[in-house]
Amino acid sequence: MRSAAAVSMRPQYPLQRVPESPLPVQGVTMKLLFDTDPGVDDAMALLFLHRHPAARLLGITTVFGNAEIDVTTRNALHLCERFGIAAPVARGAALPLVRPPRGAAPEVHGDDGLGNLEGPLHATREPDARPAHRFIVDTLREHPGEVTLVAVGPLTNLALALAEDPAITGLVHRVVVMGGVFGVGGQGGNVSPVAEANILSDPHAADAVFTAPWPVTIVGLDVTHRVLMDHACFERLRAQGGAEGAFIWQASRHYVGFYGRAVGVAGCYVHDASAVACALRPELFTLRAGPVRVVDQGLAIGQTIQRTGGRRYVHATDWDGLPDQQVAVDVQAAELLALFEHTLRRPAPGHAC
Ligand SMILES: [Ca+2]
C-alpha cells in the first residue's frame, strides 16, 4: 500500500454528468464486490450476499475498522472457508489516509471481531496477491459497467482505487455505501453527535468517494436505525437458517448484548446488510439526491452533509460542481427484514416468518 502522504485526496476529474445507471433486470445475476471490515454485522451481510440467488460475488476486499486489518482479513478468509464462499479475498488498508486510526471496537464486535467465538478462527486460504485497491481497479476493468461495489467499512480502499485509476468512475455500475448520518428525523451519529463510525474512521477517504463522478448511494444511520432485527428473528435463523443462521445467532450474542446495554434496544440495528439489501433491492429505499461532503477536521469531524433541492449558496461553494449522490432517507424496514430472513433461512414450506 502506498503511504498516505503520497495519495492525492481529490483526484482532478473532468466535470461530467454521472451517467444514468439502469438497474439489472430482475432475475438477472448481479455482479458485486464487497469491501468490508468483519465485524459481526459485516459477517451477516456477507452471508446474506452469499445466499442470495441473484448475487454473484466477484471478490471481497478487507479494510481496518471494527478490528485491525490482520483480524478483519483473517475473519473474511475464515468466513469464506467456513461457508464455501469461493470469491477471492484481497487485503486492504491498515490505516486511514490522513487522520490517526480510531482503534478497534472490541466492546461492539468482540476481541476477535466476530463476537468472541469459541476457539481460534482458522484460515488456511491466502489472500489475493494484490492489495485491495488494485483488486478493485482490476475487477472493475474486467467487467466494465457491470459491478456493484458495496462498501460497509471505512472507505480507504475505494479512495485509494480512485487515486490510482480515476477512470474507474466510468466503469462501475453503482457504489453502495453503509455509512454516514444526515439528521433525517433528528437522527444523530453513533460515535459523535454528528458522525457515524465508518465515516469518522476515514473522513478524507469518504469525501473523496462521495465527490467522485460515479453513482453513489449512501445507506446511513437515518435508515439503518429503522431496521431492528429482534430476538425472535435471531432465534428463527438459529433454528431454520442452517449453518449460516446458527453462526449468525452465535456471533451476534456479544453484539446484541452491546446494543442492549449501550443503546437500550432488544436485538440489533441492521447496518451492513441494509447496504446489501439496497444493492439487491433498491426499491425498498427512498433516496434523496444532492452532492455530499464530509467534514474532515474539528468538532464536527466525520459529519456528512448533503446539499439538497439544487440550491446554490453564494458563500458556501464547496458543494458546487459536484455530482448528485443518493442518500437513503426512508426504508421499508419490514420488507427488508423479511428479505434478509428468507434469504438466510432454509426452505420451510408453510411456515411464514
Ligand atoms: Ca462494517
# chains A, B, ... in the order shown; residues from 1 in each chain; ligands from 1

$ residues_around --residues "His52 of chain A" --least-positions-apart "4" --cutoff "9 Å" --atoms "only C-alpha atoms" --output "ChimeraX atom specification"
/A:47-48,56,280,340,343-344

$ residues_near_ligand --ligand "ligand 1" --cutoff "12 Å" --atoms "only C-alpha atoms and all ligand atoms" --output "number ranges by chain"
A: 34-46, 61-67, 72, 76, 104-105, 108-109, 113-114, 150-155, 177-179, 196-199, 201, 220, 270-276

$ write_last_selection --atoms "N, CA and C atoms" --output "compact mmCIF listing (two decimals), in the first residue's frame"
# COMPACT_ATOMS: atom_id res chain seq x y z
N PHE A 34 -17.41 -6.71 -2.54
CA PHE A 34 -17.81 -6.42 -1.16
C PHE A 34 -16.58 -5.95 -0.40
N ASP A 35 -16.59 -4.68 -0.01
CA ASP A 35 -15.48 -4.08 0.75
C ASP A 35 -15.91 -4.01 2.21
N THR A 36 -15.12 -4.61 3.12
CA THR A 36 -15.68 -4.93 4.43
C THR A 36 -14.62 -4.98 5.52
N ASP A 37 -15.07 -4.81 6.77
CA ASP A 37 -14.18 -4.89 7.94
C ASP A 37 -14.78 -5.85 8.99
N PRO A 38 -14.89 -7.13 8.66
CA PRO A 38 -15.63 -8.05 9.54
C PRO A 38 -15.01 -8.16 10.93
N GLY A 39 -15.86 -7.89 11.90
CA GLY A 39 -17.19 -7.31 12.06
C GLY A 39 -18.37 -8.27 12.02
N VAL A 40 -19.16 -8.22 13.13
CA VAL A 40 -20.31 -9.09 13.24
C VAL A 40 -21.33 -8.77 12.15
N ASP A 41 -21.72 -7.51 12.01
CA ASP A 41 -22.76 -7.22 11.02
C ASP A 41 -22.22 -7.33 9.60
N ASP A 42 -20.89 -7.19 9.44
CA ASP A 42 -20.28 -7.48 8.14
C ASP A 42 -20.48 -8.95 7.79
N ALA A 43 -20.27 -9.83 8.78
CA ALA A 43 -20.45 -11.27 8.54
C ALA A 43 -21.89 -11.57 8.16
N MET A 44 -22.83 -10.93 8.84
CA MET A 44 -24.24 -11.12 8.49
C MET A 44 -24.51 -10.67 7.05
N ALA A 45 -23.92 -9.55 6.68
CA ALA A 45 -24.12 -9.03 5.32
C ALA A 45 -23.48 -9.94 4.28
N LEU A 46 -22.29 -10.46 4.59
CA LEU A 46 -21.60 -11.34 3.65
C LEU A 46 -22.38 -12.62 3.43
N THR A 61 -12.88 -7.38 -0.46
CA THR A 61 -11.71 -6.60 -0.09
C THR A 61 -11.86 -6.18 1.36
N THR A 62 -10.76 -6.26 2.10
CA THR A 62 -10.82 -6.00 3.54
C THR A 62 -10.20 -4.65 3.86
N VAL A 63 -10.62 -4.11 4.99
CA VAL A 63 -10.12 -2.81 5.44
C VAL A 63 -10.10 -2.83 6.97
N PHE A 64 -9.23 -2.01 7.55
CA PHE A 64 -9.27 -1.83 9.02
C PHE A 64 -10.63 -1.25 9.40
N GLY A 65 -10.96 -1.31 10.67
CA GLY A 65 -12.23 -0.70 11.10
C GLY A 65 -12.70 -1.31 12.40
N ASN A 66 -13.62 -2.27 12.31
CA ASN A 66 -14.11 -2.91 13.52
C ASN A 66 -12.98 -3.61 14.28
N ALA A 67 -11.94 -4.01 13.54
CA ALA A 67 -10.75 -4.62 14.13
C ALA A 67 -9.56 -4.23 13.26
N THR A 72 -9.44 -8.41 10.46
CA THR A 72 -10.56 -8.37 9.52
C THR A 72 -10.27 -9.25 8.29
N ALA A 76 -12.42 -12.52 7.18
CA ALA A 76 -13.01 -12.69 5.85
C ALA A 76 -12.62 -14.04 5.27
N ALA A 104 -9.70 -0.34 17.21
CA ALA A 104 -10.73 -1.36 17.03
C ALA A 104 -11.88 -1.12 18.01
N ALA A 105 -12.94 -1.91 17.83
CA ALA A 105 -14.14 -1.75 18.67
C ALA A 105 -14.51 -3.08 19.31
N VAL A 108 -17.92 -3.71 20.87
CA VAL A 108 -19.07 -3.96 19.99
C VAL A 108 -18.93 -5.32 19.30
N HIS A 109 -17.75 -5.58 18.76
CA HIS A 109 -17.57 -6.75 17.89
C HIS A 109 -16.74 -7.87 18.52
N GLY A 113 -13.33 -9.76 16.63
CA GLY A 113 -14.08 -9.09 15.56
C GLY A 113 -15.36 -9.81 15.17
N LEU A 114 -15.54 -11.02 15.66
CA LEU A 114 -16.73 -11.81 15.30
C LEU A 114 -17.47 -12.26 16.56
N VAL A 150 -20.17 -2.68 -3.12
CA VAL A 150 -20.83 -2.47 -1.82
C VAL A 150 -19.73 -2.31 -0.77
N ALA A 151 -19.70 -1.15 -0.11
CA ALA A 151 -18.65 -0.85 0.86
C ALA A 151 -19.28 -0.63 2.23
N VAL A 152 -18.87 -1.44 3.20
CA VAL A 152 -19.50 -1.40 4.52
C VAL A 152 -18.49 -1.19 5.64
N GLY A 153 -17.35 -0.59 5.30
CA GLY A 153 -16.36 -0.23 6.30
C GLY A 153 -15.84 1.16 6.00
N PRO A 154 -14.76 1.58 6.64
CA PRO A 154 -14.11 2.84 6.24
C PRO A 154 -13.78 2.80 4.75
N LEU A 155 -13.84 3.95 4.08
CA LEU A 155 -13.80 3.97 2.62
C LEU A 155 -12.39 4.13 2.05
N VAL A 177 -22.83 2.45 -0.23
CA VAL A 177 -22.02 2.62 0.97
C VAL A 177 -22.89 2.54 2.21
N MET A 178 -22.47 1.75 3.20
CA MET A 178 -23.07 1.88 4.53
C MET A 178 -22.22 2.87 5.30
N GLY A 179 -22.81 4.01 5.62
CA GLY A 179 -22.06 5.00 6.39
C GLY A 179 -22.79 6.32 6.45
N GLU A 196 -20.99 9.06 12.03
CA GLU A 196 -21.15 7.60 12.02
C GLU A 196 -19.76 6.98 11.96
N ALA A 197 -19.61 5.76 12.47
CA ALA A 197 -18.29 5.17 12.70
C ALA A 197 -17.47 4.99 11.42
N ASN A 198 -18.07 4.45 10.36
CA ASN A 198 -17.28 4.20 9.14
C ASN A 198 -16.72 5.49 8.57
N ILE A 199 -17.52 6.55 8.61
CA ILE A 199 -17.08 7.81 8.02
C ILE A 199 -16.03 8.47 8.91
N SER A 201 -13.96 7.04 10.75
CA SER A 201 -12.71 6.28 10.68
C SER A 201 -11.79 6.78 9.57
N GLY A 220 -27.18 5.28 5.41
CA GLY A 220 -26.64 5.69 6.70
C GLY A 220 -27.56 5.35 7.85
N VAL A 270 -29.68 -3.25 11.80
CA VAL A 270 -29.11 -3.95 10.64
C VAL A 270 -28.39 -2.92 9.78
N HIS A 271 -27.10 -2.76 10.03
CA HIS A 271 -26.33 -1.75 9.30
C HIS A 271 -25.86 -2.27 7.94
N ASP A 272 -24.86 -3.15 7.97
CA ASP A 272 -24.20 -3.54 6.72
C ASP A 272 -25.14 -4.31 5.79
N ALA A 273 -25.97 -5.16 6.35
CA ALA A 273 -26.88 -5.92 5.49
C ALA A 273 -27.92 -5.02 4.83
N SER A 274 -28.18 -3.86 5.41
CA SER A 274 -29.09 -2.92 4.75
C SER A 274 -28.46 -2.38 3.46
N ALA A 275 -27.16 -2.16 3.47
CA ALA A 275 -26.49 -1.72 2.24
C ALA A 275 -26.55 -2.82 1.18
N VAL A 276 -26.37 -4.06 1.60
CA VAL A 276 -26.50 -5.18 0.66
C VAL A 276 -27.93 -5.22 0.09

$ residues_around --residues "Val327 of chain A" --least-positions-apart "4" --cutoff "12 Å" --atoms "only C-alpha atoms" --output "PyMOL selection string"
chain A and resi 175-184+210+215-223+275+278+282+285-293+304-308+331

$ write_last_selection --atoms "N, CA and C atoms" --output "short mmCIF file (atom, residue, chain, number, x, y, z; two decimals), in the first residue's frame"
data_model
loop_
_atom_site.label_atom_id
_atom_site.label_comp_id
_atom_site.auth_asym_id
_atom_site.auth_seq_id
_atom_site.Cartn_x
_atom_site.Cartn_y
_atom_site.Cartn_z
N VAL A 175 -22.12 2.32 -6.74
CA VAL A 175 -21.44 2.17 -5.46
C VAL A 175 -22.50 2.32 -4.37
N VAL A 176 -22.56 1.37 -3.46
CA VAL A 176 -23.49 1.45 -2.34
C VAL A 176 -22.66 1.43 -1.05
N VAL A 177 -22.83 2.45 -0.23
CA VAL A 177 -22.02 2.62 0.97
C VAL A 177 -22.89 2.54 2.21
N MET A 178 -22.47 1.75 3.20
CA MET A 178 -23.07 1.88 4.53
C MET A 178 -22.22 2.87 5.30
N GLY A 179 -22.81 4.01 5.62
CA GLY A 179 -22.06 5.00 6.39
C GLY A 179 -22.79 6.32 6.45
N GLY A 180 -22.39 7.12 7.39
CA GLY A 180 -22.90 8.48 7.49
C GLY A 180 -24.23 8.59 8.21
N VAL A 181 -24.58 9.83 8.47
CA VAL A 181 -25.88 10.14 9.06
C VAL A 181 -26.21 11.56 8.65
N PHE A 182 -27.47 11.79 8.28
CA PHE A 182 -27.85 13.06 7.68
C PHE A 182 -28.94 13.79 8.47
N GLY A 183 -29.18 13.35 9.69
CA GLY A 183 -30.10 14.07 10.56
C GLY A 183 -31.56 13.94 10.19
N VAL A 184 -31.89 12.94 9.36
CA VAL A 184 -33.29 12.75 8.97
C VAL A 184 -34.11 12.39 10.21
N PHE A 210 -17.39 10.29 -2.10
CA PHE A 210 -18.70 10.92 -2.33
C PHE A 210 -18.63 12.03 -3.38
N PRO A 215 -21.82 6.96 -9.53
CA PRO A 215 -23.11 6.95 -8.82
C PRO A 215 -23.02 6.24 -7.48
N VAL A 216 -23.14 7.03 -6.40
CA VAL A 216 -23.04 6.50 -5.05
C VAL A 216 -24.40 6.58 -4.36
N THR A 217 -24.80 5.51 -3.73
CA THR A 217 -25.98 5.50 -2.85
C THR A 217 -25.48 5.29 -1.43
N ILE A 218 -25.89 6.18 -0.53
CA ILE A 218 -25.39 6.16 0.84
C ILE A 218 -26.51 5.70 1.78
N VAL A 219 -26.25 4.58 2.43
CA VAL A 219 -27.21 3.98 3.37
C VAL A 219 -26.67 4.25 4.77
N GLY A 220 -27.18 5.28 5.41
CA GLY A 220 -26.64 5.69 6.70
C GLY A 220 -27.56 5.35 7.85
N LEU A 221 -27.22 5.90 9.01
CA LEU A 221 -27.98 5.59 10.23
C LEU A 221 -29.43 6.07 10.14
N ASP A 222 -29.70 7.04 9.27
CA ASP A 222 -31.07 7.53 9.09
C ASP A 222 -32.03 6.39 8.75
N VAL A 223 -31.53 5.40 8.01
CA VAL A 223 -32.37 4.25 7.68
C VAL A 223 -32.00 3.00 8.46
N ALA A 275 -27.16 -2.16 3.47
CA ALA A 275 -26.49 -1.72 2.24
C ALA A 275 -26.55 -2.82 1.18
N CYS A 278 -29.91 -2.76 -0.25
CA CYS A 278 -30.08 -1.62 -1.16
C CYS A 278 -29.47 -1.91 -2.53
N PRO A 282 -33.13 -1.98 -4.53
CA PRO A 282 -33.14 -0.54 -4.23
C PRO A 282 -34.53 0.04 -4.06
N PHE A 285 -35.98 1.43 -0.73
CA PHE A 285 -35.46 2.65 -0.13
C PHE A 285 -36.00 3.88 -0.83
N THR A 286 -36.20 4.95 -0.07
CA THR A 286 -36.47 6.27 -0.63
C THR A 286 -35.16 7.05 -0.63
N LEU A 287 -34.79 7.58 -1.80
CA LEU A 287 -33.50 8.23 -1.95
C LEU A 287 -33.67 9.73 -2.19
N ARG A 288 -32.69 10.50 -1.74
CA ARG A 288 -32.70 11.95 -1.91
C ARG A 288 -31.40 12.35 -2.61
N ALA A 289 -31.51 13.14 -3.67
CA ALA A 289 -30.36 13.48 -4.50
C ALA A 289 -29.71 14.79 -4.06
N GLY A 290 -28.40 14.86 -4.23
CA GLY A 290 -27.66 16.09 -3.97
C GLY A 290 -26.21 15.78 -3.68
N PRO A 291 -25.32 16.72 -3.94
CA PRO A 291 -23.90 16.48 -3.64
C PRO A 291 -23.66 16.35 -2.14
N VAL A 292 -22.69 15.52 -1.78
CA VAL A 292 -22.40 15.20 -0.38
C VAL A 292 -20.93 15.51 -0.07
N ARG A 293 -20.71 16.19 1.02
CA ARG A 293 -19.35 16.43 1.52
C ARG A 293 -19.20 15.86 2.93
N THR A 304 -21.47 14.07 7.72
CA THR A 304 -21.80 14.02 6.30
C THR A 304 -22.92 15.03 6.04
N ILE A 305 -22.73 15.85 5.00
CA ILE A 305 -23.69 16.93 4.72
C ILE A 305 -24.05 16.90 3.24
N GLN A 306 -25.34 16.81 2.99
CA GLN A 306 -25.83 16.82 1.61
C GLN A 306 -26.48 18.17 1.32
N ARG A 307 -26.14 18.75 0.17
CA ARG A 307 -26.84 19.95 -0.30
C ARG A 307 -28.05 19.47 -1.08
N THR A 308 -29.22 19.89 -0.66
CA THR A 308 -30.45 19.36 -1.24
C THR A 308 -31.20 20.43 -2.03
N VAL A 331 -36.89 3.71 4.50
CA VAL A 331 -36.73 2.31 4.13
C VAL A 331 -37.98 1.54 4.51
#

$ select_by_dssp --residues "segment 11-188 of chain A" --states "strand (DSSP E)" --output "ChimeraX atom specification"
/A:30-36,55-62,89-90,147-151,174-178

$ atom_distance --atom1 "atom CA of Gly241 of chain A" --atom2 "atom CA of Val71 of chain A"
26.0 Å

$ residues_around --residues "segment 122-126 of chain A" --least-positions-apart "5" --cutoff "7 Å" --atoms "only C-alpha atoms" --output "ChimeraX atom specification"
/A:74,77-78,81

$ write_last_selection --atoms "N, CA and C atoms" --output "mmCIF file, in the first residue's frame"
data_model
loop_
_atom_site.group_PDB
_atom_site.id
_atom_site.type_symbol
_atom_site.label_atom_id
_atom_site.label_comp_id
_atom_site.auth_asym_id
_atom_site.auth_seq_id
_atom_site.Cartn_x
_atom_site.Cartn_y
_atom_site.Cartn_z
ATOM 1 N N ARG A 74 -8.249 -11.970 8.274
ATOM 2 C CA ARG A 74 -8.386 -13.353 8.756
ATOM 3 C C ARG A 74 -9.856 -13.742 8.868
ATOM 4 N N LEU A 77 -11.340 -14.402 5.405
ATOM 5 C CA LEU A 77 -10.874 -15.698 4.898
ATOM 6 C C LEU A 77 -11.545 -16.844 5.651
ATOM 7 N N HIS A 78 -11.677 -16.689 6.951
ATOM 8 C CA HIS A 78 -12.332 -17.734 7.757
ATOM 9 C C HIS A 78 -13.787 -17.928 7.321
ATOM 10 N N GLU A 81 -13.919 -19.823 4.027
ATOM 11 C CA GLU A 81 -13.654 -21.255 4.180
ATOM 12 C C GLU A 81 -14.809 -21.969 4.868
#

$ closest_residue --among "A:Val227, A:Leu162, A:Arg345, A:Gly170" --to "Gly245 of chain A" --atoms "only C-alpha atoms"
A:Arg345

$ closest_residue --among "A:Thr139, A:Cys268, A:Ala334, A:Glu244" --to "Arg51 of chain A" --atoms "only C-alpha atoms"
A:Glu244

$ select_by_dssp --residues "segment 51-264 of chain A" --states "alpha helix (DSSP H)" --output "MDAnalysis selection string"
chainID A and resid 51 69:83 106:109 132:142 156:164 197:201 203:211 221:224 231:240 242:258

$ write_last_selection --atoms "C-alpha atoms" --output "tab-separated table (two decimals), in the first residue's frame"
chain	number	residue	atom	x	y	z
A	51	ARG	CA	-27.04	-16.91	-0.03
A	69	ILE	CA	-6.52	-5.27	9.26
A	70	ASP	CA	-4.86	-8.59	10.17
A	71	VAL	CA	-8.00	-9.57	12.07
A	72	THR	CA	-10.56	-8.37	9.52
A	73	THR	CA	-8.65	-10.15	6.73
A	74	ARG	CA	-8.39	-13.35	8.76
A	75	ASN	CA	-12.08	-13.13	9.52
A	76	ALA	CA	-13.01	-12.69	5.85
A	77	LEU	CA	-10.87	-15.70	4.90
A	78	HIS	CA	-12.33	-17.73	7.76
A	79	LEU	CA	-15.91	-16.93	6.71
A	80	CYS	CA	-15.12	-17.91	3.13
A	81	GLU	CA	-13.65	-21.25	4.18
A	82	ARG	CA	-16.36	-21.99	6.72
A	83	PHE	CA	-19.24	-21.33	4.32
A	106	PRO	CA	-13.92	-4.91	20.83
A	107	GLU	CA	-16.76	-3.64	23.02
A	108	VAL	CA	-19.07	-3.96	19.99
A	109	HIS	CA	-17.57	-6.75	17.89
A	132	ALA	CA	-7.42	-4.32	-2.21
A	133	HIS	CA	-7.41	-1.07	-4.17
A	134	ARG	CA	-5.62	-2.71	-7.10
A	135	PHE	CA	-8.01	-5.66	-6.93
A	136	ILE	CA	-10.94	-3.21	-7.12
A	137	VAL	CA	-9.44	-1.45	-10.14
A	138	ASP	CA	-8.70	-4.73	-11.93
A	139	THR	CA	-12.17	-6.14	-11.27
A	140	LEU	CA	-13.96	-3.01	-12.49
A	141	ARG	CA	-11.80	-3.05	-15.63
A	142	GLU	CA	-12.56	-6.74	-16.25
A	156	THR	CA	-10.00	3.96	2.42
A	157	ASN	CA	-9.71	1.20	-0.20
A	158	LEU	CA	-12.16	2.96	-2.52
A	159	ALA	CA	-10.32	6.27	-2.17
A	160	LEU	CA	-7.01	4.56	-2.95
A	161	ALA	CA	-8.56	2.90	-6.00
A	162	LEU	CA	-9.85	6.29	-7.22
A	163	ALA	CA	-6.44	7.86	-6.69
A	164	GLU	CA	-4.72	5.06	-8.58
A	197	ALA	CA	-18.29	5.17	12.70
A	198	ASN	CA	-17.28	4.20	9.14
A	199	ILE	CA	-17.08	7.81	8.02
A	200	LEU	CA	-15.27	9.06	11.13
A	201	SER	CA	-12.71	6.28	10.68
A	203	PRO	CA	-13.34	11.17	6.64
A	204	HIS	CA	-10.85	12.17	3.93
A	205	ALA	CA	-11.47	8.91	2.08
A	206	ALA	CA	-15.24	9.29	2.42
A	207	ASP	CA	-15.14	12.80	0.98
A	208	ALA	CA	-13.09	11.57	-1.98
A	209	VAL	CA	-15.57	8.75	-2.63
A	210	PHE	CA	-18.70	10.92	-2.33
A	211	THR	CA	-17.35	13.74	-4.53
A	221	LEU	CA	-27.98	5.59	10.23
A	222	ASP	CA	-31.07	7.53	9.09
A	223	VAL	CA	-32.37	4.25	7.68
A	224	THR	CA	-30.35	1.52	9.40
A	231	HIS	CA	-34.54	-11.64	19.27
A	232	ALA	CA	-37.30	-13.70	17.65
A	233	CYS	CA	-35.73	-13.27	14.22
A	234	PHE	CA	-32.33	-14.38	15.55
A	235	GLU	CA	-33.97	-17.45	17.08
A	236	ARG	CA	-35.69	-18.35	13.80
A	237	LEU	CA	-32.38	-18.01	11.98
A	238	ARG	CA	-30.72	-20.23	14.60
A	239	ALA	CA	-33.38	-22.91	14.22
A	240	GLN	CA	-34.04	-22.79	10.50
A	242	GLY	CA	-28.78	-23.86	8.52
A	243	ALA	CA	-25.09	-23.39	9.29
A	244	GLU	CA	-25.24	-19.71	8.35
A	245	GLY	CA	-28.20	-18.99	10.60
A	246	ALA	CA	-26.62	-20.82	13.54
A	247	PHE	CA	-23.43	-18.86	13.03
A	248	ILE	CA	-25.27	-15.54	12.89
A	249	TRP	CA	-27.02	-16.37	16.16
A	250	GLN	CA	-23.76	-17.35	17.85
A	251	ALA	CA	-21.66	-14.46	16.55
A	252	SER	CA	-24.32	-11.89	17.39
A	253	ARG	CA	-24.63	-12.68	21.12
A	254	HIS	CA	-21.89	-10.22	22.12
A	255	TYR	CA	-23.12	-7.64	19.57
A	256	VAL	CA	-26.74	-7.88	20.71
A	257	GLY	CA	-25.56	-7.60	24.30
A	258	PHE	CA	-23.79	-4.36	23.47

$ residues_around --residues "Pro131 of chain A" --least-positions-apart "6" --cutoff "9 Å" --atoms "only C-alpha atoms" --output "VMD selection string"
chain A and resid 1 61 90 to 93 157

$ atom_distance --atom1 "atom CA of Ala266 of chain A" --atom2 "atom CA of Leu339 of chain A"
20.2 Å

$ residues_around --residues "Ala195 of chain A" --least-positions-apart "6" --cutoff "6 Å" --atoms "only C-alpha atoms" --output "list in words"
Gly189, Gly302 and Gln303 of chain A
